[in-house]
Structure formats: structure tokens, C-alpha cells
Amino acid sequence: MPRRRIGFWYRFAAVLCKPPLVVLIKRDWRGMENIPAEGGFITAVNHNSHVDPFAYAHYQYNTGRVPRFLAKAGLFRKGFVGAAMRGTGQIPVYRESTDALSAFRAAIDAVERGECVAFYPEGTLTRDPDGWPMTGKTGAARVALQTRCPVIPIAQWGANELLPPYAKKPHLLPRKTHHVLAGPPVDLSRFYGKEMSPDLLKEATEVIMAAVTRLLEEIRGEKAPETPYDPRQVRIEQRRRTAAQEKAQAQVRADAQAPADTAGAAPVRTEREEGQGT
């Protein structure tokens with residue numbers, strides 16, 4: 001997309017955000033040749049710091065194809081934030097919709113208009129202890145299969161060293177390097193023309209996340225875990241352990257109470273003993 005179409009609000013945001021980013025972090029940016037010069041497409045990006053949306057947007061801005069991020073629809077309704085979200089062309093997600101495809105209708109429309117729509121498929125900051133991408137949600141795959149647009153996997157690393165996940169204070173020194181690597185489009189052609197069932201969307205999402213993870217392996221020079229961190233499975237396992245612990249504690253309390261209950265009870269006489277006593 002030519003820079004003349006970026007618009008006032010995006011240029012204004014760039015004026016505010018680029019100077020501190022240039023001061024705070026060095027840049028190792030690769031793979032810009034994989035960003036389509038025209039037409040709508042999706043980027044799938046890993047998420048490991050509250051700073052990385054700004055750092056990644058800086059990278060994408062410099063390609064001339066600015067990203068349109070997905071955000072809660074409520075942010076678009078009021079005040080300066082709403083004006084900025086609308087002005088920069090960000091994409092509202094209507095999470096209250098009961099129809100999953102309708103929830104991403106604005107993203108589909110943006111792709112069909114020739115925009116770049118940026119997805120963080122993990123949906124939140126990674127909870128993997130070593131910062132690797134987690135399992136992804138299916139929104140990016142759903143939009144990609146609906147529009148058959150290119151899906152560009154992008155891995156980033158370094159903003160998390162400036163501001164680690166859930167940290168309150170940045171680590172300013174030594175100056176960190178923001179590494180970004182964009183790969184070639186993910187091949188999802190084998191999923192085209194099929195019913196978008198939960199299993200198909202899950203498989204397509206796994207293909208997208210695997211591509212992002214491979215790029216991050218290249219950046220970091222090490223192998224990711226064979227099985228991605230799955231927050232849902234971790235929560236299920238934590239609930240299972242908690243239930244088991246509570247059951248064991250209840251049994252211990254019951255065992256401790258049993259002698260006290262029997263010690264104060266009157267002895268039970270048999271029928272023979274009762275007969276001898278008459």
C-alpha cells in the first residue's frame with residue numbers, strides 16, 4: 001500500500017511512537033520482501049511483551065503496508081482513544097456475536113478492501129516459561145480460509161527483554177535489539193473448499209503457529225518445545241490437581257476425626273449380652 005494512503009492518524013501515531021522506539025531499541029529487521037506489495041493479507045505475529053505491538057507496528061509501517069490490529073469494539077466508541085482507533089483504521093471485534101464468522105466480519109471486509117490485518121493468534125501474552133509461542137486461537141485461520149488471502153508468519157524477539165511479560169518496569173540498559181523475521185506465506189490451500197469445522201480450523205491454526213515458531217527458532221538459534229504451551233490444558237491440569245489435593249485433605253480430616261467420634265460413643269451390646277443382663 002503506498003504511503004500516501006496511510007492517513008493522518010497513522011502518521012500522527014508514528015510521530016509520537018517512533019522517536020522513543022528508535023532511542024530505546026536497536027533493530028534487526030528481516031523478511032520485508034515477504035510482505036505483499038498490494039492486495040489484502042494477514043500477518044500472524046507472536047506476542048511476548050506489552051511493548052511489542054508498537055515495535056512490530058514500526059517494522060510494518062516501514063514496509064509501507066501498515067497493520068490494522070484487531071481490538072474490542074467498545075474501544076472505538078468514545079473519546080480520543082475511539083477517534084484514534086477509527087482514524088488509524090483498526091479493526092473492531094464484536095465478541096458478543098453468537099456467530100463466530102460475524103465476530104470477524106470487519107476483519108474480512110478489511111482484507112477484501114486490500115488491507116493488512118494483523119493477528120496475535122495467541123490472544124494474549126505468551127505464558128510459556130521460555131517465551132515460545134503458545135497454541136493459537138482460530139480467528140486468523142477463519143479469516144484466511146474465508147478470504148483465501150496470504151497469511152504472512154512473523155516472529156519477533158527483543159521487546160520482551162526491554163519489558164518482560166507482566167513486568168511493571170522496563171530494563172533500559174543495556175540497549176535491547178528488536179529482532180523481526182517475516183516468512184513466506186503459509187500454504188493453507190489444502191484447507192480450501194472444506195467445511196470450516198472446529199477440527200479443520202484447529203489444524204489450520206496449528207500450521208500457522210508452527211510457521212511462526214520456526215521463524216522464532218531461527219531468530220533465537222534454538223529449538224522450541226516439541227509441544228506448544230496450551231493454557232487451556234494447563235488450567236484443566238491445575239483444576240485436576242486442586243481437586244485431588246482437596247479430596248486428600250478432606251480424607252485426612254475425616255481420618256483424624258474418626259477416633260474422636262468413636263471414643264465418646266457408648267459401647268454397642270450384642271443380643272447375647274443383652275440376654276445375659278436380664
# chains A, B, ... in the order shown; residues from 1 in each chain; ligands from 1
$ residues_around --residues "A:Arg220" --least-positions-apart "2" --cutoff "12 Å" --atoms "only C-alpha atoms" --output "list in words"
Asp130, Gly131, Trp132, Ala155, Gln156, Trp157, Gly158, His178, His179, Val180, Leu181, Thr213, Arg214, Leu215, Leu216, Glu217, Glu218, Glu222, Lys223 and Ala224 of chain A
$ select_by_dssp --residues "stretch 45-216 of chain A" --states "alpha helix (DSSP H)" --output "JSON, numbers by chain"
{"A": [52, 53, 54, 55, 56, 57, 58, 59, 60, 61, 62, 79, 80, 81, 82, 83, 84, 85, 86, 87, 100, 101, 102, 103, 105, 106, 107, 108, 109, 110, 111, 112, 139, 140, 141, 142, 143, 144, 145, 146, 147, 159, 160, 161, 162, 198, 199, 200, 201, 202, 203, 204, 205, 206, 207, 208, 209, 210, 211, 212, 213, 214, 215, 216]}
$ select_by_dssp --residues "stretch 64-164 of chain A" --states "strand (DSSP E or B)" --output "ChimeraX atom specification"
/A:67-72,91-93,116-119,134,151-157
$ atom_distance --atom1 "atom CA of A:Gly87" --atom2 "atom CA of A:Asn34"
26.8 Å
$ atom_distance --atom1 "atom CA of A:Val51" --atom2 "atom CA of A:Leu162"
8.0 Å
$ residues_around --residues "A:Arg113" --least-positions-apart "6" --cutoff "10 Å" --atoms "only C-alpha atoms" --output "JSON, numbers by chain"
{"A": [39, 40, 41, 107]}
$ write_last_selection --atoms "N, CA and C atoms" --output "short mmCIF file (atom, residue, chain, number, x, y, z; two decimals), in the first residue's frame"
data_model
loop_
_atom_site.label_atom_id
_atom_site.label_comp_id
_atom_site.auth_asym_id
_atom_site.auth_seq_id
_atom_site.Cartn_x
_atom_site.Cartn_y
_atom_site.Cartn_z
N GLY A 39 -2.74 -5.75 -2.40
CA GLY A 39 -3.74 -6.74 -2.07
C GLY A 39 -3.84 -6.98 -0.58
N GLY A 40 -4.97 -7.53 -0.17
CA GLY A 40 -5.20 -7.81 1.25
C GLY A 40 -4.45 -9.04 1.72
N PHE A 41 -4.01 -9.01 2.96
CA PHE A 41 -3.31 -10.16 3.54
C PHE A 41 -3.38 -10.09 5.06
N ALA A 107 -12.83 -7.67 9.96
CA ALA A 107 -11.51 -8.11 9.51
C ALA A 107 -11.59 -8.66 8.09
#
$ decode --residues "stretch 134-150 of chain A" --atoms "N, CA, C and O atoms" --output "short mmCIF file (atom, residue, chain, number, x, y, z; two decimals), in the first residue's frame"
data_model
loop_
_atom_site.label_atom_id
_atom_site.label_comp_id
_atom_site.auth_asym_id
_atom_site.auth_seq_id
_atom_site.Cartn_x
_atom_site.Cartn_y
_atom_site.Cartn_z
N MET A 134 2.49 -19.89 22.17
CA MET A 134 1.54 -20.87 22.70
C MET A 134 0.68 -21.42 21.56
O MET A 134 0.86 -21.06 20.40
N THR A 135 -0.25 -22.28 21.92
CA THR A 135 -1.28 -22.67 20.96
C THR A 135 -2.09 -21.43 20.57
O THR A 135 -2.23 -20.50 21.36
N GLY A 136 -2.58 -21.41 19.36
CA GLY A 136 -3.29 -20.23 18.86
C GLY A 136 -4.80 -20.39 18.87
O GLY A 136 -5.32 -21.51 18.90
N LYS A 137 -5.48 -19.27 18.84
CA LYS A 137 -6.92 -19.26 18.64
C LYS A 137 -7.19 -19.24 17.13
O LYS A 137 -6.31 -18.94 16.33
N THR A 138 -8.43 -19.53 16.75
CA THR A 138 -8.70 -19.84 15.35
C THR A 138 -9.12 -18.65 14.48
O THR A 138 -9.42 -18.83 13.31
N GLY A 139 -9.14 -17.43 15.04
CA GLY A 139 -9.63 -16.28 14.29
C GLY A 139 -8.87 -16.03 13.00
O GLY A 139 -9.47 -15.79 11.94
N ALA A 140 -7.54 -16.07 13.05
CA ALA A 140 -6.73 -15.81 11.85
C ALA A 140 -7.01 -16.86 10.78
O ALA A 140 -7.16 -16.54 9.59
N ALA A 141 -7.08 -18.13 11.18
CA ALA A 141 -7.37 -19.19 10.22
C ALA A 141 -8.75 -19.01 9.62
O ALA A 141 -8.95 -19.22 8.41
N ARG A 142 -9.70 -18.61 10.44
CA ARG A 142 -11.08 -18.43 9.96
C ARG A 142 -11.13 -17.35 8.87
O ARG A 142 -11.74 -17.55 7.81
N VAL A 143 -10.49 -16.21 9.12
CA VAL A 143 -10.48 -15.12 8.13
C VAL A 143 -9.70 -15.53 6.89
O VAL A 143 -10.09 -15.24 5.76
N ALA A 144 -8.58 -16.21 7.10
CA ALA A 144 -7.75 -16.63 5.97
C ALA A 144 -8.49 -17.59 5.05
O ALA A 144 -8.42 -17.49 3.82
N LEU A 145 -9.20 -18.55 5.63
CA LEU A 145 -9.91 -19.53 4.81
C LEU A 145 -11.14 -18.92 4.15
O LEU A 145 -11.53 -19.33 3.06
N GLN A 146 -11.73 -17.94 4.81
CA GLN A 146 -12.89 -17.27 4.22
C GLN A 146 -12.48 -16.42 3.01
O GLN A 146 -13.19 -16.36 2.00
N THR A 147 -11.33 -15.74 3.11
CA THR A 147 -10.90 -14.81 2.06
C THR A 147 -9.86 -15.40 1.11
O THR A 147 -9.62 -14.85 0.04
N ARG A 148 -9.21 -16.49 1.53
CA ARG A 148 -8.11 -17.11 0.79
C ARG A 148 -6.98 -16.12 0.53
O ARG A 148 -6.31 -16.17 -0.52
N CYS A 149 -6.76 -15.24 1.45
CA CYS A 149 -5.69 -14.24 1.33
C CYS A 149 -4.37 -14.83 1.83
O CYS A 149 -4.36 -15.84 2.55
N PRO A 150 -3.22 -14.24 1.46
CA PRO A 150 -1.95 -14.71 2.00
C PRO A 150 -1.89 -14.51 3.52
O PRO A 150 -2.40 -13.53 4.06
#
